[in-house]
Each structure stands twice: as C-alpha cells, then as structure tokens.
file model-v7.cif (mmCIF, C-alpha atoms)
data_structure
loop_
_atom_site.label_atom_id
_atom_site.label_comp_id
_atom_site.auth_asym_id
_atom_site.auth_seq_id
_atom_site.Cartn_x
_atom_site.Cartn_y
_atom_site.Cartn_z
CA MET A 21 100.09 65.37 58.94
CA LEU A 22 103.02 63.72 60.70
CA LEU A 23 101.66 64.71 64.13
CA ASN A 24 98.21 63.44 63.16
CA PHE A 25 99.80 60.11 62.20
CA VAL A 26 101.99 59.56 65.26
CA LYS A 27 99.32 60.59 67.79
CA ASP A 28 97.91 57.05 67.58
CA TRP A 29 101.21 55.36 68.50
CA ASP A 30 101.24 53.49 71.80
CA VAL A 31 103.74 55.87 73.37
CA PHE A 32 101.52 58.90 72.64
CA ARG A 33 98.48 57.06 74.02
CA GLU A 34 100.24 55.86 77.17
CA VAL A 35 102.39 58.93 77.94
CA LYS A 36 99.95 61.79 77.36
CA GLU A 37 102.45 64.36 78.63
CA ILE A 38 104.32 64.02 75.32
CA PHE A 39 101.73 66.39 73.83
CA ILE A 40 102.91 69.05 76.30
CA LEU A 41 106.45 68.27 75.20
CA VAL A 42 105.52 68.58 71.50
CA THR A 43 104.61 72.27 71.77
CA ALA A 44 107.60 73.09 73.99
CA ILE A 45 110.12 71.29 71.77
CA LEU A 46 108.64 72.62 68.52
CA GLY A 47 108.62 76.08 70.06
CA MET A 48 112.32 75.69 70.73
CA LYS A 49 112.97 76.45 67.04
CA GLY A 50 111.92 80.03 67.78
CA ASN A 51 114.10 80.09 70.85
CA LEU A 52 117.22 78.78 69.12
CA GLU A 53 117.19 78.24 65.35
CA MET A 54 115.26 81.37 64.42
CA THR A 55 117.27 83.47 66.87
CA LEU A 56 120.49 82.11 65.35
CA ALA A 57 119.18 82.85 61.85
CA SER A 58 118.23 86.40 62.85
CA ARG A 59 121.62 87.08 64.48
CA LEU A 60 123.60 85.78 61.52
CA SER A 61 121.33 87.63 59.05
CA THR A 62 121.98 90.89 60.87
CA ALA A 63 125.73 90.14 60.87
CA VAL A 64 125.61 89.56 57.09
CA ASN A 65 123.73 92.82 56.44
CA ALA A 66 126.07 94.73 58.74
CA GLY A 67 129.14 93.41 56.89
CA LYS A 68 130.50 91.49 59.89
CA MET A 69 130.96 88.23 57.97
CA GLU A 70 133.12 89.41 55.08
CA SER A 71 136.36 88.19 56.64
CA ALA A 72 136.64 84.38 56.41
CA ARG A 73 138.20 84.07 59.88
CA GLU A 74 135.58 86.30 61.53
CA LYS A 75 132.80 84.51 59.66
CA TRP A 76 133.78 81.03 60.84
CA MET A 77 134.54 82.16 64.39
CA MET A 78 131.05 83.65 64.58
CA ILE A 79 129.42 80.55 63.06
CA VAL A 80 131.25 78.03 65.27
CA GLY A 81 130.70 80.12 68.42
CA ASN A 82 126.98 80.48 67.73
CA LEU A 83 126.54 76.78 66.90
CA ALA A 84 128.28 75.74 70.13
CA LEU A 85 126.14 78.18 72.11
CA LYS A 86 123.02 76.75 70.45
CA GLN A 87 123.99 73.19 71.37
CA LEU A 88 124.46 74.27 74.98
CA GLN A 89 121.10 76.06 75.02
CA ALA A 90 119.35 73.10 73.35
CA THR A 91 120.68 70.68 75.98
CA VAL A 92 119.59 72.88 78.89
CA LEU A 93 116.22 73.70 77.35
CA GLY A 94 115.57 70.05 76.51
CA LEU A 95 116.08 69.17 80.16
CA LEU A 96 113.91 72.07 81.37
CA ALA A 97 111.16 71.22 78.84
CA SER A 98 110.90 67.70 80.27
CA VAL A 99 110.70 69.15 83.79
CA MET A 100 107.91 71.52 82.70
CA ALA A 101 106.01 68.71 80.94
CA THR A 102 106.31 66.59 84.09
CA LEU A 103 105.09 69.37 86.39
CA LEU A 104 102.20 70.41 84.16
CA GLY A 105 101.19 66.78 83.58
CA TRP A 106 101.27 66.10 87.31
CA MET A 107 99.23 69.24 88.04
CA ALA A 108 96.65 68.26 85.40
CA GLU A 109 96.35 64.56 86.28
CA GLY A 110 97.39 64.49 89.93
CA THR A 111 99.85 61.65 89.29
CA MET A 112 103.00 60.96 87.28
CA PRO A 113 104.63 57.49 87.02
CA PHE A 114 108.41 57.62 87.41
CA ASN A 115 109.03 55.66 84.20
CA HIS A 116 107.09 58.37 82.31
CA VAL A 117 109.32 61.03 83.86
CA VAL A 118 112.50 59.21 82.75
CA LEU A 119 111.12 58.66 79.24
CA LEU A 120 110.11 62.32 78.90
CA CYS A 121 113.55 63.48 80.03
CA SER A 122 115.50 61.22 77.66
CA THR A 123 113.19 61.96 74.73
CA SER A 124 113.35 65.71 75.27
CA VAL A 125 117.12 65.98 75.77
CA SER A 126 118.07 63.68 72.87
CA THR A 127 115.55 65.28 70.48
CA ALA A 128 116.65 68.82 71.34
CA PHE A 129 120.34 67.94 70.99
CA ILE A 130 120.14 66.12 67.63
CA ALA A 131 117.57 68.49 66.10
CA SER A 132 119.61 71.53 67.13
CA MET A 133 122.75 70.13 65.50
CA LEU A 134 121.00 69.24 62.21
CA GLN A 135 119.09 72.52 61.98
CA GLY A 136 122.13 74.60 62.88
CA ILE A 137 124.05 73.12 59.95
CA ILE A 138 121.08 73.75 57.63
CA MET A 139 120.77 77.36 58.81
CA VAL A 140 124.44 78.09 58.22
CA ALA A 141 124.13 76.62 54.70
CA VAL A 142 121.04 78.74 53.96
CA ILE A 143 122.67 81.97 55.17
CA LEU A 144 125.94 81.34 53.33
CA GLY A 145 123.94 80.48 50.20
CA SER A 146 121.93 83.71 50.55
CA MET A 147 125.19 85.67 50.83
CA ARG A 148 126.52 84.05 47.68
CA LEU A 149 123.30 84.70 45.72
CA GLY A 150 122.88 88.28 46.97
CA ILE A 151 119.55 87.54 48.73
CA ASN A 152 118.64 89.26 51.99
CA PRO A 153 118.82 86.40 54.56
CA ASP A 154 116.29 88.23 56.78
CA ASN A 155 113.59 87.25 54.28
CA VAL A 156 114.74 83.63 53.88
CA ALA A 157 116.59 82.26 56.90
CA THR A 158 114.02 82.63 59.70
CA PRO A 159 111.06 80.99 57.89
CA MET A 160 113.38 78.23 56.64
CA ALA A 161 114.50 77.68 60.25
CA ALA A 162 110.88 77.42 61.37
CA SER A 163 109.85 75.02 58.59
CA PHE A 164 112.80 72.65 58.91
CA GLY A 165 112.55 72.98 62.67
CA ASP A 166 108.96 71.75 62.85
CA LEU A 167 109.43 68.75 60.58
CA ILE A 168 112.85 67.57 61.78
CA THR A 169 112.07 68.08 65.47
CA LEU A 170 108.70 66.34 65.36
CA ALA A 171 110.11 63.37 63.43
CA LEU A 172 112.98 63.02 65.92
CA LEU A 173 110.64 63.43 68.90
CA ALA A 174 108.28 60.74 67.61
CA CYS A 175 111.08 58.29 66.72
CA SER A 176 113.08 58.75 69.93
CA SER A 177 110.00 58.46 72.18
CA TRP A 178 108.90 55.34 70.29
CA TRP A 179 112.36 53.80 70.61
CA PHE A 180 112.69 54.54 74.32
CA TYR A 181 109.18 53.20 74.87
CA SER A 182 109.67 50.05 72.77
CA ILE A 183 112.85 48.87 74.52
CA SER A 184 110.72 48.00 77.55
CA ASP A 185 108.94 45.20 75.64
CA SER A 186 111.46 42.44 76.41
CA PHE A 187 112.19 41.24 79.93
CA LEU A 188 115.93 42.02 79.66
CA TRP A 189 115.31 45.56 78.50
CA THR A 190 112.74 46.04 81.26
CA GLU A 191 115.56 45.49 83.73
CA LEU A 192 118.08 47.66 81.86
CA GLN A 193 115.74 50.39 80.52
CA PRO A 194 116.30 52.99 83.28
CA TYR A 195 120.07 52.64 82.95
CA VAL A 196 119.95 53.00 79.16
CA LEU A 197 117.91 56.20 79.49
CA TYR A 198 120.18 57.54 82.23
CA LEU A 199 123.21 56.85 80.03
CA VAL A 200 121.71 58.78 77.08
CA ASP A 201 121.07 61.78 79.30
CA LEU A 202 124.52 61.57 80.92
CA LEU A 203 126.39 61.42 77.59
CA ILE A 204 124.63 64.53 76.28
CA LEU A 205 125.00 66.45 79.55
CA CYS A 206 128.73 65.63 79.69
CA LEU A 207 129.24 67.66 76.49
CA ILE A 208 128.13 70.88 78.21
CA PRO A 209 131.68 71.95 79.26
CA LEU A 210 132.84 71.52 75.65
CA TRP A 211 130.09 73.80 74.31
CA VAL A 212 130.84 76.39 77.01
CA MET A 213 134.55 76.40 76.10
CA ILE A 214 133.93 76.76 72.34
CA SER A 215 131.20 79.43 72.60
CA SER A 216 133.33 81.55 74.95
CA LYS A 217 135.95 82.02 72.17
CA HIS A 218 133.86 84.61 70.25
CA PRO A 219 132.80 87.92 71.89
CA ALA A 220 129.18 87.80 70.63
CA SER A 221 128.48 84.25 71.76
CA ARG A 222 130.43 84.84 75.00
CA LEU A 223 128.08 87.72 75.85
CA LEU A 224 125.00 85.60 75.14
CA LEU A 225 126.50 82.80 77.23
CA ARG A 226 126.02 85.07 80.23
CA THR A 227 122.93 87.09 79.32
CA GLY A 228 120.92 85.10 76.76
CA TRP A 229 119.10 82.66 79.05
CA GLU A 230 116.18 84.77 80.23
CA PRO A 231 114.24 85.01 76.94
CA ILE A 232 114.65 81.38 75.86
CA ILE A 233 113.69 79.91 79.25
CA THR A 234 110.69 82.23 79.61
CA ALA A 235 109.62 81.43 76.06
CA MET A 236 109.87 77.69 76.74
CA VAL A 237 107.58 78.08 79.77
CA ILE A 238 105.04 80.00 77.67
CA SER A 239 105.13 77.32 74.94
CA SER A 240 104.65 74.60 77.58
CA ILE A 241 101.41 76.27 78.69
CA GLY A 242 100.26 76.08 75.08
CA GLY A 243 101.22 72.40 75.15
CA LEU A 244 99.02 71.88 78.21
CA ILE A 245 96.07 73.35 76.30
CA LEU A 246 96.80 70.94 73.42
CA ASP A 247 97.06 68.03 75.83
CA LYS A 248 93.71 68.85 77.49
CA SER A 249 92.07 69.33 74.07
CA MET A 250 93.28 65.89 72.98
CA SER A 251 91.50 64.32 75.96
CA ASN A 252 88.17 65.63 74.60
CA PRO A 253 87.11 63.54 71.55
CA ASN A 254 85.13 66.50 70.18
CA LEU A 255 88.27 68.68 70.06
CA ALA A 256 90.85 66.05 69.09
CA GLY A 257 90.64 67.05 65.40
CA LEU A 258 92.50 70.30 66.07
CA ILE A 259 95.83 68.46 66.39
CA ILE A 260 96.26 68.41 62.61
CA TYR A 261 95.84 72.21 62.42
CA ALA A 262 97.86 73.24 65.50
CA PRO A 263 101.35 72.97 63.90
CA VAL A 264 100.04 74.90 60.86
CA ILE A 265 98.61 77.89 62.73
CA ASN A 266 101.55 77.98 65.17
CA GLY A 267 104.19 77.52 62.47
CA ILE A 268 102.78 80.13 60.08
CA GLY A 269 102.32 82.69 62.85
CA GLY A 270 105.91 82.15 64.00
CA ASN A 271 107.23 82.34 60.43
CA LEU A 272 105.54 85.64 59.63
CA VAL A 273 106.33 87.46 62.86
CA SER A 274 109.96 86.26 62.83
CA ILE A 275 110.48 87.80 59.38
CA GLN A 276 109.15 91.14 60.61
CA ALA A 277 111.14 91.04 63.86
CA SER A 278 114.34 90.17 62.00
CA ARG A 279 113.81 93.01 59.50
CA LEU A 280 113.08 95.54 62.25
CA SER A 281 116.15 94.45 64.19
CA THR A 282 118.41 94.76 61.13
CA TYR A 283 116.95 98.22 60.37
CA LEU A 284 117.75 99.44 63.90
CA HIS A 285 121.25 97.90 63.87
CA LEU A 286 122.09 99.65 60.61
CA ASN A 287 120.62 103.09 61.33
CA PHE A 288 120.61 103.83 65.06
CA PRO A 289 122.96 103.31 68.00
CA PRO A 290 121.56 101.19 70.87
CA GLY A 291 119.14 103.23 72.97
CA ASP A 292 118.14 105.63 70.16
CA LEU A 293 114.85 105.29 68.29
CA PRO A 294 113.35 106.88 65.17
CA GLU A 295 111.35 110.05 65.89
CA GLU A 296 107.99 108.45 65.11
CA ARG A 297 108.64 105.64 67.62
CA GLN A 298 109.23 107.83 70.65
CA GLY A 299 105.59 108.51 71.57
CA CYS A 300 102.86 106.19 72.82
CA TYR A 301 102.37 103.03 70.80
CA ASN A 302 99.57 102.98 68.24
CA PRO A 303 98.71 99.71 66.40
CA CYS A 304 97.92 101.65 63.21
CA ARG A 305 101.56 102.77 63.13
CA THR A 306 102.64 99.16 62.55
CA PHE A 307 100.80 98.87 59.23
CA PHE A 308 100.33 102.39 57.87
CA GLY A 309 103.31 104.32 56.60
CA SER A 310 105.61 104.59 53.62
CA GLY A 311 108.62 102.75 55.03
CA ALA A 312 109.76 99.28 53.96
CA ASN A 313 108.88 97.80 57.36
CA HIS A 314 105.32 99.16 57.16
CA ARG A 315 104.92 97.60 53.72
CA SER A 316 106.30 94.26 54.91
CA ALA A 317 103.87 94.26 57.88
CA ARG A 318 100.93 94.83 55.51
CA ILE A 319 102.14 92.12 53.12
CA LEU A 320 102.66 89.59 55.93
CA LEU A 321 99.17 90.25 57.31
CA LEU A 322 97.61 89.99 53.84
CA LEU A 323 99.34 86.64 53.30
CA VAL A 324 97.34 85.06 56.12
CA ILE A 325 93.95 84.62 54.41
CA PRO A 326 95.03 83.15 51.03
CA GLY A 327 97.95 81.27 52.56
CA GLN A 328 95.98 79.58 55.33
CA PHE A 329 93.11 78.78 52.94
CA ILE A 330 95.59 76.96 50.69
CA PHE A 331 96.91 75.04 53.70
CA LEU A 332 93.36 74.11 54.76
CA TYR A 333 92.60 72.75 51.29
CA THR A 334 95.97 70.95 51.15
CA ILE A 335 95.25 69.24 54.49
CA ASN A 336 91.90 68.05 53.09
CA LEU A 337 93.63 66.68 49.98
CA MET A 338 96.29 64.89 52.04
CA LYS A 339 93.51 63.31 54.11
CA GLY A 340 91.96 62.00 50.87
CA ASP A 341 89.07 64.48 50.69
CA PRO A 342 89.08 66.49 47.41
CA ARG A 343 86.29 68.83 48.56
CA LEU A 344 86.80 72.33 49.91
CA PRO A 345 86.80 72.65 53.72
CA GLY A 346 83.41 73.42 55.30
CA PRO A 347 82.52 77.13 55.44
CA LEU A 348 82.24 77.27 59.24
CA LEU A 349 85.59 75.55 59.75
CA THR A 350 87.18 77.83 57.14
CA VAL A 351 85.83 81.01 58.73
CA ALA A 352 86.78 79.88 62.25
CA PHE A 353 90.31 78.84 61.29
CA LEU A 354 91.03 81.93 59.16
CA SER A 355 89.66 84.23 61.88
CA ALA A 356 91.88 82.61 64.51
CA SER A 357 94.90 82.92 62.20
CA LEU A 358 94.19 86.55 61.37
CA ILE A 359 93.76 87.54 65.03
CA GLN A 360 96.96 85.67 65.93
CA VAL A 361 99.16 87.23 63.22
CA PHE A 362 97.72 90.75 63.72
CA SER A 363 98.46 90.52 67.47
CA LEU A 364 101.95 89.15 66.85
CA LEU A 365 102.92 91.83 64.33
CA CYS A 366 101.76 94.60 66.67
CA THR A 367 103.61 92.96 69.56
CA ALA A 368 106.76 92.60 67.44
CA ASP A 369 106.73 96.28 66.48
CA CYS A 370 106.35 97.33 70.10
CA MET A 371 108.76 94.77 71.57
CA VAL A 372 111.66 95.22 69.13
CA HIS A 373 111.75 99.01 69.64
CA TRP A 374 111.31 98.65 73.40
CA LEU A 375 114.23 96.24 73.60
CA TRP A 376 116.40 98.51 71.45
CA ARG A 377 115.62 101.45 73.70
CA ARG A 378 116.77 99.35 76.67
CA ARG A 379 120.02 98.54 74.76
CA LYS A 380 119.16 94.86 74.38
CA ASP A 381 119.71 93.06 71.07
CA PRO A 382 116.27 92.30 69.55
CA ASP A 383 117.77 89.45 67.50
CA SER A 384 118.42 87.50 70.69
CA TYR A 385 115.50 88.65 72.82
CA SER A 386 112.41 89.30 70.68
CA ILE A 387 112.01 86.18 68.51
CA PRO A 388 111.87 83.64 71.41
CA TYR A 389 109.12 85.66 73.10
CA LEU A 390 107.21 86.22 69.86
CA THR A 391 107.24 82.62 68.67
CA ALA A 392 106.30 81.33 72.13
CA LEU A 393 103.46 83.83 72.28
CA GLY A 394 102.47 82.69 68.78
CA ASP A 395 102.29 79.07 70.00
CA LEU A 396 100.17 80.02 72.99
CA LEU A 397 97.87 82.32 71.00
CA GLY A 398 97.54 79.89 68.09
CA THR A 399 96.71 76.87 70.25
CA SER A 400 94.30 78.86 72.46
CA LEU A 401 92.46 80.48 69.54
CA LEU A 402 92.28 77.16 67.68
CA ALA A 403 90.88 75.36 70.73
CA LEU A 404 88.34 78.17 71.15
CA ALA A 405 87.37 77.94 67.48
CA PHE A 406 86.85 74.16 67.68
CA LEU A 407 84.91 74.56 70.92
CA MET A 408 82.57 77.05 69.24
CA LEU A 409 82.14 74.69 66.25
CA TRP A 410 81.33 71.85 68.64
CA CYS A 411 78.80 74.01 70.53
CA ILE A 412 76.91 74.78 67.31
CA ASP A 413 77.08 71.08 66.39
CA ASP A 414 79.29 71.50 63.32
#

call {"tool": "encode", "arguments": {"input": "model-v7.cif", "output": "structure tokens"}}
result
Amino acid sequence: MLLNFVKDWDVFREVKEIFILVTAILGMKGNLEMTLASRLSTAVNAGKMESAREKWMMIVGNLALKQLQATVLGLLASVMATLLGWMAEGTMPFNHVVLLCSTSVSTAFIASMLQGIIMVAVILGSMRLGINPDNVATPMAASFGDLITLALLACSSWWFYSISDSFLWTELQPYVLYLVDLLILCLIPLWVMISSKHPASRLLLRTGWEPIITAMVISSIGGLILDKSMSNPNLAGLIIYAPVINGIGGNLVSIQASRLSTYLHLNFPPGDLPEERQGCYNPCRTFFGSGANHRSARILLLLVIPGQFIFLYTINLMKGDPRLPGPLLTVAFLSASLIQVFSLLCTADCMVHWLWRRRKDPDSYSIPYLTALGDLLGTSLLALAFLMLWCIDD
C-alpha cells in the first residue's frame, strides 16, 4: 500500500529509474538482513552464542560487515539502475544519476543499521524464550526490511528531489548529494576494521561478495520488468501486488533454506551429504518424506493459497472495497504465487545441499540467490498474469 501511495509522487514520476531501484533495494534484505538472521540462527542452534564475549563479538562483527556490504551494494544498485534505465530509454540525465546514487546509498546504509539492530533483538529474544530463531528471524527480517527500506527510499528520494525547488539549492544540490555519498563511503575503513576482528565475519569479508552482488543484479532485472510494466497503463495496477508476491515468496523460501542449513551444520561435516541426497535431484524428494524438513516444505507450500487469498482480500479492504477480489484476478495471482513458491522450494533444496557439498556455507550463499530469484520470478509471473488478464479484457 505504501508503494502504491508513493508511486504518484513527483520524484517517482520524473525519475522512473527509481522503480528499478525499488526492487534492487528491497531485494537487499535477502542479501543482507535475512543472511545475517540465518547465520546467527545457526550459531544459536549450534551453541556458539552461549558465552557472552563470543556472542557480542559475533554480533558486532556481523553488524559491521553488514554495514560495509550495504554501502557497497547501495552504490552498485544505483549503478545498475542507471545502466538499465539508460539501456531501456536511451538517455539518462546526470542529475537523475546523482539522485539515484545518493538515494540508494543513504537508504541502504540507514535501513541496514535499523534492521540489523531489530534482527539482533529478535534473535536474542528467541534465545531467551526458547524459540527456534530459524522459524522467526528470517521472515521478521523480510517483513521489517520491506517496510523500513521502502519508507526510507521514498522519503530520501523525495527530500533529495525537493531541495532543487529553490534557486539557492539548485546551485548547491550536487554538492549536498556528493557530501552525503562521501560521508557514508568514508566509514568503509571503520567497518572493515571492526568486521575483521571476528573469524566468521573476517572470512566473509573476503569471500562473501559473490552471492550478494549476483543477487542484486538479478533483483535489478526484476526491477526493470516492474519499471516497464509501470509505463503501460493497463499493467500499472500490479505495483500494489508486487511487494506482496515477492515478499511472501522470499519469506517462505528463506525459512526452508535456514532450516536446511542448520540441519546440515548440526549433523554433517562440510562436504558430506545424507544418503538420500547423493543421487540425481528429484522435485518429489523436496516434499515427500518423513523428515522435519519435508514436512516444513509441505506446510510452506500449503500456506500459499490461503495466505495469499487473505492478502488479496486485505488489499481490497485497504483500498476501500469490501468485496472479494474478482475470480480471474484471484486465480491468476494465486497461480503465480504457487508456481513461484514451488519453484523456490525445489531450488532451495537443491542449492543448499549443492553448496554444502562444495564446502560453502549455505547461510551466507543460498538466501541471497533464492530471494533475488524470488523477486525476479514473482515480478515476471505477476506481469504475465496481468498481461493475460488484459488480453482477455478483464
């Protein structure tokens, strides 16, 4: 609803590339917050956070690493939005480039700091209450991530855009935006120094860039699809549903990936797999079996239909329409959601075990890829569903 409201602001109308940035920045929650939540959840279940000193060293090291990653990814997301916008339109005003860069970097930095604190509080609270953080932390990261990040993105872009209204600010605007970027980038050495103090974050400081950068590129492609859909008045209505289908898909698959990763960490050394996972992959194996992870996959898939129907009806109510959604829209949206989540759960099962066999930590590698793929799949399937509805004149 927030995205549907801010899409009519002048900055969103004038700087269309912000819609590319929306998907990339929202997808960053999967790259950073949900990965942090999964790593800390595994550490809790493995008993690595029982010592107070070890616990706070791990937390501070991971938060510093996340601030570093958020700064770099925010800068790269603006570069991707600029390139994709230029490729789509054939032109890109320089003032739009500067605004995109400042908006992306400042949003990523502030949102990462706020969400990191929230995630640490959630995980420590789960420890105190005896709740498995695998089931709580990653969806909480996704939910807070969407709302906080989008609000900050909208407010910062509006502020940077509005300061050009007066003559004085028109002269000073580029320097103000450069200064914002410079202040945030100057903190990079501090984050590097702090994150290098703990062995786990020091390892990720060297090896953890590949998945988050690749995932950001994938999410940006989904943002391009959203941007092109918004330029077609017949497809513009999908913007209110895009964060829902992308967010729910990311929530569900991140729970499963985090559970699978914890299971492997607790029961097998890196490189070794359960007997039933050593043959060719079969999608039926993801859902059918007696293990806890098979049951959770079935439950997560079964949650899609009733859950998304409730969200559809809630969106109608929030728009002031007490009626049930139309049958064609309901079928199209639920079908897109079901295909998306089924594909993601199968991919998660295959990817987590493949990464473990290659001695890579699935907590740090799988969730960025899965949530980015969820964004791309969700936006593509939703655009296809709305296109089909438009073709049959619904």

call {"tool": "residues_around", "arguments": {"input": "model-v7.cif", "residues": "A:Leu293", "least_positions_apart": "6", "cutoff": "9 Å", "atoms": "only C-alpha atoms", "output": "ChimeraX atom specification"}}
result
/A:284,373,376-377

call {"tool": "closest_residue", "arguments": {"input": "model-v7.cif", "among": "A:Leu244, A:Ser274, A:Lys68, A:Leu149", "to": "A:Ala44", "atoms": "only C-alpha atoms"}}
result
A:Leu244

call {"tool": "residues_around", "arguments": {"input": "model-v7.cif", "residues": "stretch 55-66 of chain A", "least_positions_apart": "5", "cutoff": "8 Å", "atoms": "only C-alpha atoms", "output": "list in words"}}
result
Gly50, Ile79, Asn82, Lys86, Met139, Val140, Ile143, Met147, Asn152, Pro153, Asp154, Ala157, Thr158, Ala161, Ser278, Ser281, Thr282, His285, Leu286, Asp383, Ser384, Ile387 and Pro388 of chain A

call {"tool": "closest_residue", "arguments": {"input": "model-v7.cif", "among": "A:Ala405, A:Leu85, A:Leu207, A:Ala262", "to": "A:Ser355", "atoms": "all atoms listed in the file"}}
result
A:Ala405

call {"tool": "residues_around", "arguments": {"input": "model-v7.cif", "residues": "A:Leu344", "least_positions_apart": "5", "cutoff": "9 Å", "atoms": "all atoms listed in the file", "output": "PDB file with C-alpha atoms, in the frame of the given file"}}
result
ATOM      1  CA  LEU A 332      93.360  74.110  54.760  1.00  0.00           C
ATOM      2  CA  TYR A 333      92.600  72.750  51.290  1.00  0.00           C
ATOM      3  CA  ASN A 336      91.900  68.050  53.090  1.00  0.00           C
ATOM      4  CA  LEU A 337      93.630  66.680  49.980  1.00  0.00           C
TER       5      LEU A 337
END

call {"tool": "closest_residue", "arguments": {"input": "model-v7.cif", "among": "A:Val196, A:Leu223, A:Ala128, A:Ala256", "to": "A:Leu52", "atoms": "only C-alpha atoms"}}
result
A:Ala128

call {"tool": "atom_distance", "arguments": {"input": "model-v7.cif", "atom1": "atom CA of A:Met236", "atom2": "atom CA of A:Gly165"}}
result
15.1 Å

call {"tool": "closest_residue", "arguments": {"input": "model-v7.cif", "among": "A:Pro290, A:Gly269, A:Gly150, A:Pro382", "to": "A:Leu321", "atoms": "all atoms listed in the file"}}
result
A:Gly269

call {"tool": "closest_residue", "arguments": {"input": "model-v7.cif", "among": "A:Leu225, A:Ile233, A:Ile45, A:Leu255", "to": "A:Trp211", "atoms": "only C-alpha atoms"}}
result
A:Leu225

call {"tool": "residues_around", "arguments": {"input": "model-v7.cif", "residues": "A:Leu93", "least_positions_apart": "6", "cutoff": "12 Å", "atoms": "only C-alpha atoms", "output": "PyMOL selection string"}}
result
chain A and resi 41+44-49+51-52+86-87+99-101+121+124-129+132+205+229-237+239-240

call {"tool": "axis_aligned_box", "arguments": {"input": "model-v7.cif", "around": "stretch 54-58 of chain A", "padding_each_side": "6 Å", "output": "lines of an AutoDock Vina configuration file"}}
result
center_x = 117.9
center_y = 83.9
center_z = 64.4
size_x = 17.2
size_y = 17.0
size_z = 17.0

call {"tool": "atom_distance", "arguments": {"input": "model-v7.cif", "atom1": "atom CA of A:Val156", "atom2": "atom CA of A:Ile130"}}
result
22.9 Å

call {"tool": "resolve_selection", "arguments": {"input": "model-v7.cif", "expression": "the PyMOL selection byres ((chain A and resi 214) around 10)", "output": "PyMOL selection string"}}
result
chain A and resi 77+80-85+209-213+215-218+221-222

call {"tool": "atom_distance", "arguments": {"input": "model-v7.cif", "atom1": "atom CA of A:Gln360", "atom2": "atom CA of A:Gly311"}}
result
23.4 Å

call {"tool": "closest_residue", "arguments": {"input": "model-v7.cif", "among": "A:Val118, A:Leu393, A:Ala174, A:Leu322", "to": "A:Phe39", "atoms": "only C-alpha atoms"}}
result
A:Ala174

call {"tool": "residues_around", "arguments": {"input": "model-v7.cif", "residues": "A:Lys27", "least_positions_apart": "6", "cutoff": "10 Å", "atoms": "all atoms listed in the file", "output": "PyMOL selection string"}}
result
chain A and resi 33+36+38-39+174+250+259-260

call {"tool": "write_last_selection", "arguments": {"input": "model-v7.cif", "atoms": "C-alpha atoms", "output": "mmCIF file, keeping the file's coordinate frame"}}
result
data_model
loop_
_atom_site.group_PDB
_atom_site.id
_atom_site.type_symbol
_atom_site.label_atom_id
_atom_site.label_comp_id
_atom_site.auth_asym_id
_atom_site.auth_seq_id
_atom_site.Cartn_x
_atom_site.Cartn_y
_atom_site.Cartn_z
ATOM 1 C CA ARG A 33 98.480 57.060 74.020
ATOM 2 C CA LYS A 36 99.950 61.790 77.360
ATOM 3 C CA ILE A 38 104.320 64.020 75.320
ATOM 4 C CA PHE A 39 101.730 66.390 73.830
ATOM 5 C CA ALA A 174 108.280 60.740 67.610
ATOM 6 C CA MET A 250 93.280 65.890 72.980
ATOM 7 C CA ILE A 259 95.830 68.460 66.390
ATOM 8 C CA ILE A 260 96.260 68.410 62.610
#

call {"tool": "resolve_selection", "arguments": {"input": "model-v7.cif", "expression": "the PyMOL selection byres ((chain A and resi 313-316) around 12)", "output": "number ranges by chain"}}
result
A: 154-155, 272-284, 303-312, 317-323, 365-366, 368-369

call {"tool": "write_last_selection", "arguments": {"input": "model-v7.cif", "atoms": "C-alpha atoms", "output": "tab-separated table (two decimals), keeping the file's coordinate frame"}}
result
chain	number	residue	atom	x	y	z
A	154	ASP	CA	116.29	88.23	56.78
A	155	ASN	CA	113.59	87.25	54.28
A	272	LEU	CA	105.54	85.64	59.63
A	273	VAL	CA	106.33	87.46	62.86
A	274	SER	CA	109.96	86.26	62.83
A	275	ILE	CA	110.48	87.80	59.38
A	276	GLN	CA	109.15	91.14	60.61
A	277	ALA	CA	111.14	91.04	63.86
A	278	SER	CA	114.34	90.17	62.00
A	279	ARG	CA	113.81	93.01	59.50
A	280	LEU	CA	113.08	95.54	62.25
A	281	SER	CA	116.15	94.45	64.19
A	282	THR	CA	118.41	94.76	61.13
A	283	TYR	CA	116.95	98.22	60.37
A	284	LEU	CA	117.75	99.44	63.90
A	303	PRO	CA	98.71	99.71	66.40
A	304	CYS	CA	97.92	101.65	63.21
A	305	ARG	CA	101.56	102.77	63.13
A	306	THR	CA	102.64	99.16	62.55
A	307	PHE	CA	100.80	98.87	59.23
A	308	PHE	CA	100.33	102.39	57.87
A	309	GLY	CA	103.31	104.32	56.60
A	310	SER	CA	105.61	104.59	53.62
A	311	GLY	CA	108.62	102.75	55.03
A	312	ALA	CA	109.76	99.28	53.96
A	317	ALA	CA	103.87	94.26	57.88
A	318	ARG	CA	100.93	94.83	55.51
A	319	ILE	CA	102.14	92.12	53.12
A	320	LEU	CA	102.66	89.59	55.93
A	321	LEU	CA	99.17	90.25	57.31
A	322	LEU	CA	97.61	89.99	53.84
A	323	LEU	CA	99.34	86.64	53.30
A	365	LEU	CA	102.92	91.83	64.33
A	366	CYS	CA	101.76	94.60	66.67
A	368	ALA	CA	106.76	92.60	67.44
A	369	ASP	CA	106.73	96.28	66.48
